[in-house]
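Next up, upload-v5.cif (mmCIF, C-alpha atoms):
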```cif
data_final
loop_
_atom_site.group_PDB
_atom_site.id
_atom_site.type_symbol
_atom_site.label_atom_id
_atom_site.label_comp_id
_atom_site.auth_asym_id
_atom_site.auth_seq_id
_atom_site.Cartn_x
_atom_site.Cartn_y
_atom_site.Cartn_z
ATOM 1 C CA MET A 1 81.231 105.460 -9.215
ATOM 2 C CA ALA A 2 79.728 102.142 -10.213
ATOM 3 C CA ALA A 3 80.665 99.164 -8.187
ATOM 4 C CA GLU A 4 83.131 96.851 -9.845
ATOM 5 C CA GLN A 5 81.479 93.858 -11.414
ATOM 6 C CA GLN A 6 82.506 90.643 -9.767
ATOM 7 C CA ILE A 7 83.493 87.936 -12.216
ATOM 8 C CA PRO A 8 82.393 84.562 -10.910
ATOM 9 C CA ALA A 9 85.241 82.179 -10.443
ATOM 10 C CA GLU A 10 85.273 79.010 -12.520
ATOM 11 C CA PRO A 11 84.332 75.944 -10.509
ATOM 12 C CA ALA A 12 87.409 74.069 -9.459
ATOM 13 C CA VAL A 13 87.869 70.564 -10.737
ATOM 14 C CA ARG A 14 87.580 68.161 -7.863
ATOM 15 C CA LYS A 15 90.884 66.519 -7.147
ATOM 16 C CA SER A 16 91.657 63.283 -5.378
ATOM 17 C CA ARG A 17 94.204 63.083 -2.584
ATOM 18 C CA ALA A 18 96.746 62.110 -5.245
ATOM 19 C CA GLY A 19 96.047 65.393 -7.098
ATOM 20 C CA ARG A 20 94.154 63.818 -9.989
ATOM 21 C CA ASP A 21 90.929 64.866 -11.704
ATOM 22 C CA LEU A 22 88.517 62.653 -9.769
ATOM 23 C CA PRO A 23 85.451 62.838 -12.101
ATOM 24 C CA ALA A 24 87.601 62.121 -15.154
ATOM 25 C CA ALA A 25 89.314 59.262 -13.337
ATOM 26 C CA ILE A 26 85.954 57.724 -12.437
ATOM 27 C CA LEU A 27 84.579 58.031 -15.981
ATOM 28 C CA VAL A 28 87.713 56.571 -17.576
ATOM 29 C CA GLY A 29 87.818 53.780 -14.995
ATOM 30 C CA LEU A 30 84.182 52.878 -15.596
ATOM 31 C CA GLY A 31 84.718 52.926 -19.354
ATOM 32 C CA LEU A 32 87.721 50.615 -19.162
ATOM 33 C CA ALA A 33 85.973 48.293 -16.695
ATOM 34 C CA THR A 34 82.869 48.070 -18.883
ATOM 35 C CA THR A 35 84.956 47.291 -21.961
ATOM 36 C CA VAL A 36 86.893 44.599 -20.123
ATOM 37 C CA VAL A 37 83.721 42.947 -18.776
ATOM 38 C CA LEU A 38 81.915 42.951 -22.122
ATOM 39 C CA THR A 39 84.870 41.612 -24.090
ATOM 40 C CA LEU A 40 85.598 38.862 -21.579
ATOM 41 C CA LEU A 41 81.943 37.827 -21.624
ATOM 42 C CA PHE A 42 81.161 38.072 -25.332
ATOM 43 C CA TRP A 43 84.244 38.668 -27.499
ATOM 44 C CA ASN A 44 87.626 37.554 -26.218
ATOM 45 C CA TRP A 45 89.405 38.925 -29.258
ATOM 46 C CA GLY A 46 88.131 42.337 -28.221
ATOM 47 C CA PHE A 47 89.956 41.973 -24.899
ATOM 48 C CA VAL A 48 93.126 40.917 -26.722
ATOM 49 C CA LEU A 49 92.889 43.951 -28.998
ATOM 50 C CA LEU A 50 92.338 46.244 -25.997
ATOM 51 C CA VAL A 51 95.399 44.821 -24.253
ATOM 52 C CA THR A 52 97.386 45.097 -27.481
ATOM 53 C CA ALA A 53 96.428 48.746 -27.917
ATOM 54 C CA MET A 54 97.343 49.585 -24.311
ATOM 55 C CA LEU A 55 100.668 47.767 -24.500
ATOM 56 C CA THR A 56 101.528 49.347 -27.845
ATOM 57 C CA LEU A 57 100.839 52.762 -26.351
ATOM 58 C CA GLY A 58 102.968 51.715 -23.387
ATOM 59 C CA THR A 59 105.970 51.072 -25.641
ATOM 60 C CA PHE A 60 105.663 54.619 -26.974
ATOM 61 C CA GLU A 61 105.327 56.045 -23.445
ATOM 62 C CA LEU A 62 108.420 54.176 -22.296
ATOM 63 C CA HIS A 63 110.316 55.321 -25.393
ATOM 64 C CA ASP A 64 109.385 58.930 -24.633
ATOM 65 C CA ALA A 65 110.431 58.508 -20.981
ATOM 66 C CA LEU A 66 113.805 56.941 -21.778
ATOM 67 C CA LYS A 67 114.619 59.749 -24.205
ATOM 68 C CA ARG A 68 114.890 62.025 -21.159
ATOM 69 C CA ILE A 69 118.054 60.199 -20.119
ATOM 70 C CA GLY A 70 119.497 59.895 -23.602
ATOM 71 C CA MET A 71 118.250 56.404 -24.476
ATOM 72 C CA ASN A 72 116.383 56.029 -27.768
ATOM 73 C CA SER A 73 114.610 52.730 -28.365
ATOM 74 C CA ALA A 74 113.633 51.530 -31.835
ATOM 75 C CA VAL A 75 110.024 52.419 -31.134
ATOM 76 C CA ALA A 76 108.553 51.704 -34.585
ATOM 77 C CA PRO A 77 109.604 48.021 -34.900
ATOM 78 C CA ILE A 78 108.868 47.474 -31.209
ATOM 79 C CA MET A 79 105.290 48.734 -31.601
ATOM 80 C CA VAL A 80 104.778 46.454 -34.608
ATOM 81 C CA GLY A 81 106.387 43.581 -32.735
ATOM 82 C CA THR A 82 104.128 44.145 -29.723
ATOM 83 C CA VAL A 83 101.041 43.718 -31.903
ATOM 84 C CA ALA A 84 102.509 40.553 -33.432
ATOM 85 C CA VAL A 85 103.537 39.057 -30.072
ATOM 86 C CA ILE A 86 100.243 39.639 -28.253
ATOM 87 C CA CYS A 87 97.856 38.807 -31.083
ATOM 88 C CA GLY A 88 100.031 36.050 -32.545
ATOM 89 C CA SER A 89 100.483 34.191 -29.273
ATOM 90 C CA TYR A 90 96.730 34.321 -28.571
ATOM 91 C CA ALA A 91 95.850 33.125 -32.073
ATOM 92 C CA ALA A 92 98.332 30.262 -31.860
ATOM 93 C CA ALA A 93 97.228 29.239 -28.352
ATOM 94 C CA THR A 94 93.583 29.017 -29.448
ATOM 95 C CA GLN A 95 94.281 26.941 -32.573
ATOM 96 C CA GLU A 96 93.116 23.376 -32.660
ATOM 97 C CA GLY A 97 94.138 20.419 -34.761
ATOM 98 C CA THR A 98 97.285 18.522 -35.616
ATOM 99 C CA ASN A 99 98.571 21.244 -37.957
ATOM 100 C CA ALA A 100 98.369 23.990 -35.327
ATOM 101 C CA VAL A 101 101.596 25.894 -34.741
ATOM 102 C CA PRO A 102 102.672 25.684 -31.051
ATOM 103 C CA TRP A 103 102.094 28.954 -29.240
ATOM 104 C CA HIS A 104 105.586 28.977 -27.751
ATOM 105 C CA SER A 105 107.093 28.778 -31.236
ATOM 106 C CA VAL A 106 105.014 31.761 -32.346
ATOM 107 C CA LEU A 107 105.838 33.720 -29.201
ATOM 108 C CA LEU A 108 109.584 33.085 -29.411
ATOM 109 C CA GLY A 109 109.594 33.702 -33.160
ATOM 110 C CA PHE A 110 107.948 37.105 -32.923
ATOM 111 C CA LEU A 111 110.063 38.106 -29.916
ATOM 112 C CA GLY A 112 113.242 37.140 -31.746
ATOM 113 C CA ALA A 113 112.140 38.977 -34.880
ATOM 114 C CA THR A 114 111.344 42.085 -32.829
ATOM 115 C CA VAL A 115 114.784 42.016 -31.180
ATOM 116 C CA LEU A 116 116.557 41.635 -34.514
ATOM 117 C CA ALA A 117 114.459 44.366 -36.119
ATOM 118 C CA ALA A 118 115.253 46.738 -33.254
ATOM 119 C CA LEU A 119 118.998 46.082 -33.476
ATOM 120 C CA VAL A 120 119.079 46.518 -37.250
ATOM 121 C CA TRP A 121 116.822 49.592 -37.100
ATOM 122 C CA ARG A 122 119.433 51.418 -35.016
ATOM 123 C CA MET A 123 122.406 50.527 -37.257
ATOM 124 C CA PRO A 124 122.194 53.553 -39.621
ATOM 125 C CA GLY A 125 122.660 55.847 -36.580
ATOM 126 C CA GLY A 126 126.291 54.753 -36.238
ATOM 127 C CA SER A 127 128.291 53.462 -33.305
ATOM 128 C CA ALA A 128 127.864 56.458 -30.990
ATOM 129 C CA GLY A 129 125.269 55.451 -28.408
ATOM 130 C CA TYR A 130 124.460 52.166 -30.174
ATOM 131 C CA VAL A 131 124.785 50.023 -27.027
ATOM 132 C CA LYS A 132 122.739 52.440 -24.933
ATOM 133 C CA ASP A 133 119.949 52.687 -27.513
ATOM 134 C CA SER A 134 119.928 48.924 -28.077
ATOM 135 C CA ALA A 135 119.686 48.396 -24.311
ATOM 136 C CA ALA A 136 116.626 50.663 -24.285
ATOM 137 C CA SER A 137 115.052 48.576 -27.050
ATOM 138 C CA LEU A 138 115.742 45.235 -25.384
ATOM 139 C CA PHE A 139 114.515 46.542 -22.021
ATOM 140 C CA THR A 140 111.269 47.697 -23.636
ATOM 141 C CA ILE A 141 110.749 44.391 -25.454
ATOM 142 C CA GLY A 142 111.335 42.351 -22.310
ATOM 143 C CA TYR A 143 109.266 44.602 -20.091
ATOM 144 C CA ILE A 144 106.173 45.154 -22.229
ATOM 145 C CA PRO A 145 105.429 42.653 -25.045
ATOM 146 C CA LEU A 146 107.137 39.688 -23.351
ATOM 147 C CA LEU A 147 105.431 40.121 -19.962
ATOM 148 C CA GLY A 148 102.213 41.274 -21.622
ATOM 149 C CA SER A 149 101.989 38.131 -23.744
ATOM 150 C CA PHE A 150 101.011 36.126 -20.667
ATOM 151 C CA THR A 151 97.622 37.838 -20.652
ATOM 152 C CA SER A 152 96.987 36.246 -24.054
ATOM 153 C CA LEU A 153 98.103 32.853 -22.808
ATOM 154 C CA ILE A 154 95.854 33.054 -19.742
ATOM 155 C CA LEU A 155 92.850 34.021 -21.848
ATOM 156 C CA ALA A 156 93.530 31.250 -24.376
ATOM 157 C CA ALA A 157 93.647 28.561 -21.673
ATOM 158 C CA PRO A 158 90.616 26.432 -20.758
ATOM 159 C CA ASN A 159 88.106 28.599 -18.874
ATOM 160 C CA GLY A 160 90.341 31.503 -19.837
ATOM 161 C CA SER A 161 87.780 34.283 -19.430
ATOM 162 C CA ALA A 162 87.122 33.298 -15.820
ATOM 163 C CA LYS A 163 90.839 32.995 -15.104
ATOM 164 C CA MET A 164 91.584 36.398 -16.616
ATOM 165 C CA ALA A 165 88.685 38.044 -14.789
ATOM 166 C CA THR A 166 89.818 36.502 -11.499
ATOM 167 C CA ILE A 167 93.351 37.808 -11.921
ATOM 168 C CA LEU A 168 92.185 41.301 -12.830
ATOM 169 C CA LEU A 169 89.845 41.441 -9.829
ATOM 170 C CA VAL A 170 92.585 40.237 -7.498
ATOM 171 C CA VAL A 171 94.924 42.926 -8.869
ATOM 172 C CA MET A 172 92.182 45.491 -8.294
ATOM 173 C CA GLY A 173 91.750 44.154 -4.764
ATOM 174 C CA THR A 174 95.480 44.508 -4.208
ATOM 175 C CA ASP A 175 95.477 48.148 -5.297
ATOM 176 C CA THR A 176 92.244 49.067 -3.511
ATOM 177 C CA GLY A 177 93.105 47.342 -0.247
ATOM 178 C CA GLY A 178 96.584 48.829 -0.189
ATOM 179 C CA TYR A 179 95.325 52.348 -0.837
ATOM 180 C CA ALA A 180 92.380 52.161 1.577
ATOM 181 C CA VAL A 181 94.438 50.926 4.505
ATOM 182 C CA GLY A 182 97.696 52.712 3.705
ATOM 183 C CA ALA A 183 96.058 56.116 3.271
ATOM 184 C CA ARG A 184 94.374 55.873 6.667
ATOM 185 C CA ILE A 185 96.731 54.102 9.034
ATOM 186 C CA GLY A 186 99.931 53.642 7.049
ATOM 187 C CA LYS A 187 102.930 54.668 9.155
ATOM 188 C CA HIS A 188 105.792 52.336 8.281
ATOM 189 C CA PRO A 189 107.211 52.909 4.763
ATOM 190 C CA MET A 190 107.946 49.753 2.818
ATOM 191 C CA ALA A 191 110.317 51.229 0.234
ATOM 192 C CA PRO A 192 110.886 54.889 1.181
ATOM 193 C CA GLN A 193 113.534 55.522 -1.462
ATOM 194 C CA ILE A 194 111.311 54.211 -4.249
ATOM 195 C CA SER A 195 107.699 54.934 -3.260
ATOM 196 C CA PRO A 196 107.400 56.774 0.084
ATOM 197 C CA LYS A 197 103.612 56.354 0.215
ATOM 198 C CA LYS A 198 103.749 52.552 0.188
ATOM 199 C CA THR A 199 103.547 51.172 3.719
ATOM 200 C CA TRP A 200 103.559 47.797 5.393
ATOM 201 C CA GLU A 201 100.088 48.551 6.708
ATOM 202 C CA GLY A 202 98.969 49.092 3.127
ATOM 203 C CA MET A 203 100.550 45.777 2.168
ATOM 204 C CA GLY A 204 98.438 44.127 4.865
ATOM 205 C CA GLY A 205 95.329 45.721 3.367
ATOM 206 C CA SER A 206 96.338 44.426 -0.056
ATOM 207 C CA VAL A 207 96.742 40.886 1.235
ATOM 208 C CA ALA A 208 93.428 40.989 3.099
ATOM 209 C CA LEU A 209 91.277 42.290 0.244
ATOM 210 C CA ALA A 210 93.075 40.292 -2.470
ATOM 211 C CA SER A 211 92.526 37.100 -0.455
ATOM 212 C CA ALA A 212 88.870 37.984 0.155
ATOM 213 C CA VAL A 213 88.449 38.301 -3.612
ATOM 214 C CA ALA A 214 90.615 35.388 -4.763
ATOM 215 C CA VAL A 215 89.391 32.600 -2.486
ATOM 216 C CA PRO A 216 85.651 32.699 -3.360
ATOM 217 C CA LEU A 217 86.321 33.356 -7.056
ATOM 218 C CA THR A 218 88.725 30.422 -7.215
ATOM 219 C CA ILE A 219 86.039 28.183 -5.719
ATOM 220 C CA TRP A 220 83.081 29.510 -7.754
ATOM 221 C CA TRP A 221 84.627 30.410 -11.112
ATOM 222 C CA LEU A 222 87.675 28.159 -11.354
ATOM 223 C CA ASN A 223 86.266 25.104 -9.534
ATOM 224 C CA ALA A 224 89.432 24.752 -7.474
ATOM 225 C CA ALA A 225 90.334 24.415 -3.806
ATOM 226 C CA TRP A 226 90.246 27.471 -1.541
ATOM 227 C CA TRP A 227 93.968 27.257 -0.737
ATOM 228 C CA ILE A 228 94.784 27.740 -4.424
ATOM 229 C CA GLY A 229 92.953 31.044 -4.256
ATOM 230 C CA LEU A 230 95.003 32.020 -1.219
ATOM 231 C CA VAL A 231 98.260 31.123 -2.967
ATOM 232 C CA LEU A 232 97.114 33.064 -6.021
ATOM 233 C CA ALA A 233 96.266 36.117 -3.899
ATOM 234 C CA LEU A 234 99.577 36.166 -2.039
ATOM 235 C CA SER A 235 101.540 35.701 -5.261
ATOM 236 C CA ILE A 236 99.647 38.424 -7.118
ATOM 237 C CA VAL A 237 100.055 40.853 -4.200
ATOM 238 C CA ALA A 238 103.819 40.272 -4.186
ATOM 239 C CA ALA A 239 104.147 40.448 -7.972
ATOM 240 C CA GLY A 240 101.790 43.402 -8.372
ATOM 241 C CA THR A 241 103.618 45.369 -5.692
ATOM 242 C CA CYS A 242 106.923 44.659 -7.425
ATOM 243 C CA GLY A 243 105.382 45.811 -10.715
ATOM 244 C CA ASP A 244 104.287 49.074 -9.146
ATOM 245 C CA LEU A 245 107.718 49.634 -7.616
ATOM 246 C CA ILE A 246 109.470 48.839 -10.893
ATOM 247 C CA GLU A 247 107.512 51.531 -12.695
ATOM 248 C CA SER A 248 108.145 53.937 -9.815
ATOM 249 C CA LEU A 249 111.878 53.329 -10.204
ATOM 250 C CA ILE A 250 111.669 54.069 -13.929
ATOM 251 C CA LYS A 251 109.736 57.293 -13.390
ATOM 252 C CA ARG A 252 112.056 58.452 -10.608
ATOM 253 C CA ASP A 253 115.111 57.736 -12.738
ATOM 254 C CA VAL A 254 113.842 59.738 -15.712
ATOM 255 C CA GLY A 255 112.224 62.440 -13.557
ATOM 256 C CA ILE A 256 108.491 62.213 -14.343
ATOM 257 C CA LYS A 257 105.309 61.725 -12.322
ATOM 258 C CA ASP A 258 103.183 59.900 -14.928
ATOM 259 C CA MET A 259 104.161 58.079 -18.081
ATOM 260 C CA SER A 260 101.740 60.280 -20.038
ATOM 261 C CA SER A 261 98.356 62.008 -19.747
ATOM 262 C CA PHE A 262 96.598 59.727 -22.227
ATOM 263 C CA LEU A 263 94.055 58.486 -19.666
ATOM 264 C CA PRO A 264 92.537 61.523 -17.891
ATOM 265 C CA GLY A 265 92.740 61.133 -14.140
ATOM 266 C CA HIS A 266 94.901 58.013 -14.424
ATOM 267 C CA GLY A 267 98.060 59.081 -16.222
ATOM 268 C CA GLY A 268 99.366 56.877 -19.002
ATOM 269 C CA ALA A 269 98.722 53.339 -20.160
ATOM 270 C CA MET A 270 101.752 52.090 -18.245
ATOM 271 C CA ASP A 271 100.411 53.676 -15.063
ATOM 272 C CA ARG A 272 97.450 51.273 -15.337
ATOM 273 C CA LEU A 273 99.417 48.242 -16.531
ATOM 274 C CA ASP A 274 102.398 48.253 -14.164
ATOM 275 C CA SER A 275 100.955 45.756 -11.657
ATOM 276 C CA ILE A 276 99.285 43.514 -14.241
ATOM 277 C CA LEU A 277 102.436 43.193 -16.366
ATOM 278 C CA VAL A 278 104.385 41.571 -13.540
ATOM 279 C CA ALA A 279 101.447 39.696 -12.024
ATOM 280 C CA ALA A 280 100.400 38.049 -15.310
ATOM 281 C CA PRO A 281 103.376 35.664 -15.781
ATOM 282 C CA VAL A 282 103.271 34.692 -12.088
ATOM 283 C CA ALA A 283 99.538 34.000 -12.265
ATOM 284 C CA TRP A 284 99.899 32.095 -15.549
ATOM 285 C CA LEU A 285 102.501 29.781 -14.025
ATOM 286 C CA LEU A 286 100.395 29.104 -10.924
ATOM 287 C CA LEU A 287 97.267 28.454 -12.973
ATOM 288 C CA PHE A 288 99.218 26.204 -15.344
ATOM 289 C CA LEU A 289 100.585 24.149 -12.454
ATOM 290 C CA LEU A 290 97.574 24.119 -10.111
ATOM 291 C CA ILE A 291 94.537 24.437 -12.407
ATOM 292 C CA PRO A 292 95.689 23.095 -15.778
ATOM 293 C CA ASN A 293 92.212 22.309 -17.184
#
```

Can you present the structure in this file as structure tokens?
Amino acid sequence: MAAEQQIPAEPAVRKSRAGRDLPAAILVGLGLATTVVLTLLFWNWGFVLLVTAMLTLGTFELHDALKRIGMNSAVAPIMVGTVAVICGSYAAATQEGTNAVPWHSVLLGFLGATVLAALVWRMPGGSAGYVKDSAASLFTIGYIPLLGSFTSLILAAPNGSAKMATILLVVMGTDTGGYAVGARIGKHPMAPQISPKKTWEGMGGSVALASAVAVPLTIWWLNAAWWIGLVLALSIVAAGTCGDLIESLIKRDVGIKDMSSFLPGHGGAMDRLDSILVAAPVAWLLLFLLIPN
């Protein structure tokens, strides 16, 4: 009797410790990083459009997540409003001349129009669930386009490309330092009911690497004192950690691991934007106060 033919097993996809497709994660990460670098160097509008696309996708991801708990946001007007808020605020902030429309007027105008559109959009559905659905819409508008608009304002400021690049690198330092230290020696959970893997040791790693990135970049790129870089690092670590925990709370409440699978190896757009969304307004305020020009 002939020996049974052995069918070779398919090679397993290499997974990271978090259970993600590591090669895909690396390729997607490199692609996003390359796009960010090139647009910040040569075409700032390209960076704005990238951020707009990611945030618009984020509004859809959040809409899909909230539907799991019976909350339906007015996703169509919110997506349109997100484009208007991000692109409009950047365009207004980069205008010059006496006839230029103030950026804050444009930002508030588009935010107000988006809120009104969302409330009216839901009206034909009747009174049942109107408050709950409207709350979902207002939460989405405040969380994504409002917080996201500060990336446009940072980029539109004097030396905006350097400021934006510094903030992004500090956020990356926060994530990398926290993971590197927390995964190896983390023993004391920081918020066990929200994110059990976050530890105080990891927070120390975040502070160390974020400071090591922020201080020299603040001196070299932003032409500011070293202590401003330290303040920026500490503030971004605190804000970025809060942003990560906020998204963790949302995902735990609705019962999902990732917002979507749009970015292979990374999850959804919101899984990449959670720290930046909260860090951006904090960084904008510090830069506005400490490095205005």

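For the choices A:Leu62, A:Thr176, A:Glu201, A:Val131, the atom-to-atom distance to His188 in chain A is smallest for A:Glu201 when using all atoms listed in the file.
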
Subject >> Atom pair CA of Asn159 in chain A / CA of Ala212 in chain A: separation (Å) >> reply: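 CA of Ala212 in chain A lies at a distance of 21.2 Å from CA of Asn159 in chain A.
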
Subject >> Nearest to Ala283 in chain A by atom-to-atom distance, counting all atoms listed in the file, from A:Thr151, A:Met190, A:Asp244, A:Ala210 >> reply: A:Thr151

**OP:** Apply the PyMOL selection byres ((chain A and resi 49-54) around 8) to the displayed file and report the matching residues as a list in words.
**Re:**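 Output from the PyMOL selection byres ((chain A and resi 49-54) around 8), applied to this file: Trp45, Gly46, Phe47, Val48, Leu55, Thr56, Leu57, Gly58, Thr82, Val83, Ile86, Cys87, Ala269 and Met270 of chain A.
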
**OP:** Could you jot down the CA of Ala279 in chain A to CA of Asp64 in chain A separation for me, Å, one decimal place?
**Re:**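 Between CA of Ala279 in chain A and CA of Asp64 in chain A the gap works out to 24.3 Å.
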
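From CA of Gly229 in chain A back to CA of Thr34 in chain A, the distance works out to 24.6 Å.
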
Interface rows for range 138-245 of chain A against range 102-109 of chain A: nearest pair, Å to one decimal, 12 Å, all atoms listed in the file, as JSON lines:
```
{"residue": "A:Gly142", "atom": "CA", "partner": "A:Leu108", "partner_atom": "CA", "distance": 11.8}
{"residue": "A:Pro145", "atom": "CA", "partner": "A:Leu107", "partner_atom": "CA", "distance": 9.9}
{"residue": "A:Leu146", "atom": "CA", "partner": "A:Leu107", "partner_atom": "CA", "distance": 8.5}
{"residue": "A:Leu147", "atom": "CA", "partner": "A:Leu107", "partner_atom": "CA", "distance": 11.2}
{"residue": "A:Gly148", "atom": "CA", "partner": "A:Leu107", "partner_atom": "CA", "distance": 11.3}
{"residue": "A:Ser149", "atom": "CA", "partner": "A:Leu107", "partner_atom": "CA", "distance": 8.0}
{"residue": "A:Phe150", "atom": "CA", "partner": "A:Leu107", "partner_atom": "CA", "distance": 10.1}
{"residue": "A:Ser152", "atom": "CA", "partner": "A:Trp103", "partner_atom": "CA", "distance": 10.3}
{"residue": "A:Leu153", "atom": "CA", "partner": "A:Trp103", "partner_atom": "CA", "distance": 8.5}
{"residue": "A:Ala156", "atom": "CA", "partner": "A:Trp103", "partner_atom": "CA", "distance": 10.1}
{"residue": "A:Ala157", "atom": "CA", "partner": "A:Trp103", "partner_atom": "CA", "distance": 11.3}
```

Subject >> Selected residue, from A:Ala84, A:Ile141, A:Ile246, A:Val36, that lies nearest to Ile194 in chain A when counting only C-alpha atoms >> reply: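 Checking each candidate against Ile194 in chain A, we get A:Ile246 as the closest.
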
**OP:** Write out as a PyMOL selection string which residues come within 10 Å of Asn293 in chain A when counting only C-alpha atoms, dropping same-chain ones fewer than 2 positions away.
**Re:** chain A and resi 157-160+222+287-291

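Around the coordinate (94.8, 38.9, -0.3), residues that reach within 7 Å when counting only C-alpha atoms are Thr174, Ser206, Val207, Ala208, Leu209, Ala210, Ser211, Ala212, Leu230, Ala233, Leu234 and Val237 of chain A.
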
Original post:
Taking only C-alpha atoms into account, which of A:Pro281, A:Pro77, A:Pro23, A:Gly173 comes nearest Trp121 in chain A?
Top reply: A:Pro77

**OP:** Would you write out, as number ranges by chain, every residue that the PyMOL selection byres ((chain A and resi 165) around 12) captures in this file?
**Re:** A: 33, 36-41, 44, 47, 151, 154-155, 159-164, 166-172, 213-214, 217-218, 221-222, 276, 280, 283

Give me a file of those residues, with C-alpha atoms, as a tab-separated table (two decimals), in the frame of the given file.
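The resulting file, part-v5.tsv, is reproduced below:
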```tsv
chain	number	residue	atom	x	y	z
A	33	ALA	CA	85.97	48.29	-16.70
A	36	VAL	CA	86.89	44.60	-20.12
A	37	VAL	CA	83.72	42.95	-18.78
A	38	LEU	CA	81.92	42.95	-22.12
A	39	THR	CA	84.87	41.61	-24.09
A	40	LEU	CA	85.60	38.86	-21.58
A	41	LEU	CA	81.94	37.83	-21.62
A	44	ASN	CA	87.63	37.55	-26.22
A	47	PHE	CA	89.96	41.97	-24.90
A	151	THR	CA	97.62	37.84	-20.65
A	154	ILE	CA	95.85	33.05	-19.74
A	155	LEU	CA	92.85	34.02	-21.85
A	159	ASN	CA	88.11	28.60	-18.87
A	160	GLY	CA	90.34	31.50	-19.84
A	161	SER	CA	87.78	34.28	-19.43
A	162	ALA	CA	87.12	33.30	-15.82
A	163	LYS	CA	90.84	32.99	-15.10
A	164	MET	CA	91.58	36.40	-16.62
A	166	THR	CA	89.82	36.50	-11.50
A	167	ILE	CA	93.35	37.81	-11.92
A	168	LEU	CA	92.18	41.30	-12.83
A	169	LEU	CA	89.84	41.44	-9.83
A	170	VAL	CA	92.58	40.24	-7.50
A	171	VAL	CA	94.92	42.93	-8.87
A	172	MET	CA	92.18	45.49	-8.29
A	213	VAL	CA	88.45	38.30	-3.61
A	214	ALA	CA	90.62	35.39	-4.76
A	217	LEU	CA	86.32	33.36	-7.06
A	218	THR	CA	88.72	30.42	-7.22
A	221	TRP	CA	84.63	30.41	-11.11
A	222	LEU	CA	87.68	28.16	-11.35
A	276	ILE	CA	99.28	43.51	-14.24
A	280	ALA	CA	100.40	38.05	-15.31
A	283	ALA	CA	99.54	34.00	-12.26
```

**OP:** Have a look at A:Ser260, A:Thr241, A:Thr94, A:Asn72 and name the one nearest to Asp175 in chain A; count only C-alpha atoms.
**Re:**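 Looking only at the distances to Asp175 in chain A, the closest residue turns out to be A:Thr241.
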
**OP:** Determine the nearest neighbour of Lys132 in chain A from the options A:Ile69, A:Ala180, A:Leu232, A:Leu111, counting all atoms listed in the file.
**Re:**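 Counting all atoms listed in the file, the residue closest to Lys132 in chain A is A:Ile69.
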
Draw an axis-aligned box tight on the listed atoms of range 131-147 of chain A, then pad every side by 3 Å and write out centre and edge lengths in Å to one decimal as AutoDock Vina command-line options.
```
--center_x 115.1 --center_y 46.2 --center_z -24.0 --size_x 25.4 --size_y 19.0 --size_z 14.1
```

Original post:
Any idea what's packed within 12 Å of Gly125 in chain A, counting all atoms listed in the file, ignoring anything in its chain fewer than 6 positions away? Could you give it as an NGL selection string?
Top reply: :A and (72-74 or 119 or 131 or 133-134)

For the residues selected in the previous step, produce a file with C-alpha atoms as a JSON list (two decimals), in the frame of the given file.
```
[["chain", "number", "residue", "atom", "x", "y", "z"],
["A", 72, "ASN", "CA", 116.38, 56.03, -27.77],
["A", 73, "SER", "CA", 114.61, 52.73, -28.36],
["A", 74, "ALA", "CA", 113.63, 51.53, -31.84],
["A", 119, "LEU", "CA", 119.00, 46.08, -33.48],
["A", 131, "VAL", "CA", 124.78, 50.02, -27.03],
["A", 133, "ASP", "CA", 119.95, 52.69, -27.51],
["A", 134, "SER", "CA", 119.93, 48.92, -28.08]]
```

Which residues, written as an mmCIF file with C-alpha atoms, keeping the file's coordinate frame, have at least one atom at most 10 Å from Ala65 in chain A, with all atoms listed in the file counted and residues fewer than 2 positions away on the same chain left out?
```cif
data_model
loop_
_atom_site.group_PDB
_atom_site.id
_atom_site.type_symbol
_atom_site.label_atom_id
_atom_site.label_comp_id
_atom_site.auth_asym_id
_atom_site.auth_seq_id
_atom_site.Cartn_x
_atom_site.Cartn_y
_atom_site.Cartn_z
ATOM 1 C CA THR A 59 105.970 51.072 -25.641
ATOM 2 C CA PHE A 60 105.663 54.619 -26.974
ATOM 3 C CA GLU A 61 105.327 56.045 -23.445
ATOM 4 C CA LEU A 62 108.420 54.176 -22.296
ATOM 5 C CA HIS A 63 110.316 55.321 -25.393
ATOM 6 C CA LYS A 67 114.619 59.749 -24.205
ATOM 7 C CA ARG A 68 114.890 62.025 -21.159
ATOM 8 C CA ILE A 69 118.054 60.199 -20.119
ATOM 9 C CA GLY A 70 119.497 59.895 -23.602
ATOM 10 C CA MET A 71 118.250 56.404 -24.476
ATOM 11 C CA ASN A 72 116.383 56.029 -27.768
ATOM 12 C CA ILE A 250 111.669 54.069 -13.929
ATOM 13 C CA LYS A 251 109.736 57.293 -13.390
ATOM 14 C CA ASP A 253 115.111 57.736 -12.738
ATOM 15 C CA VAL A 254 113.842 59.738 -15.712
ATOM 16 C CA GLY A 255 112.224 62.440 -13.557
ATOM 17 C CA ILE A 256 108.491 62.213 -14.343
ATOM 18 C CA ASP A 258 103.183 59.900 -14.928
ATOM 19 C CA MET A 259 104.161 58.079 -18.081
ATOM 20 C CA SER A 260 101.740 60.280 -20.038
#
```
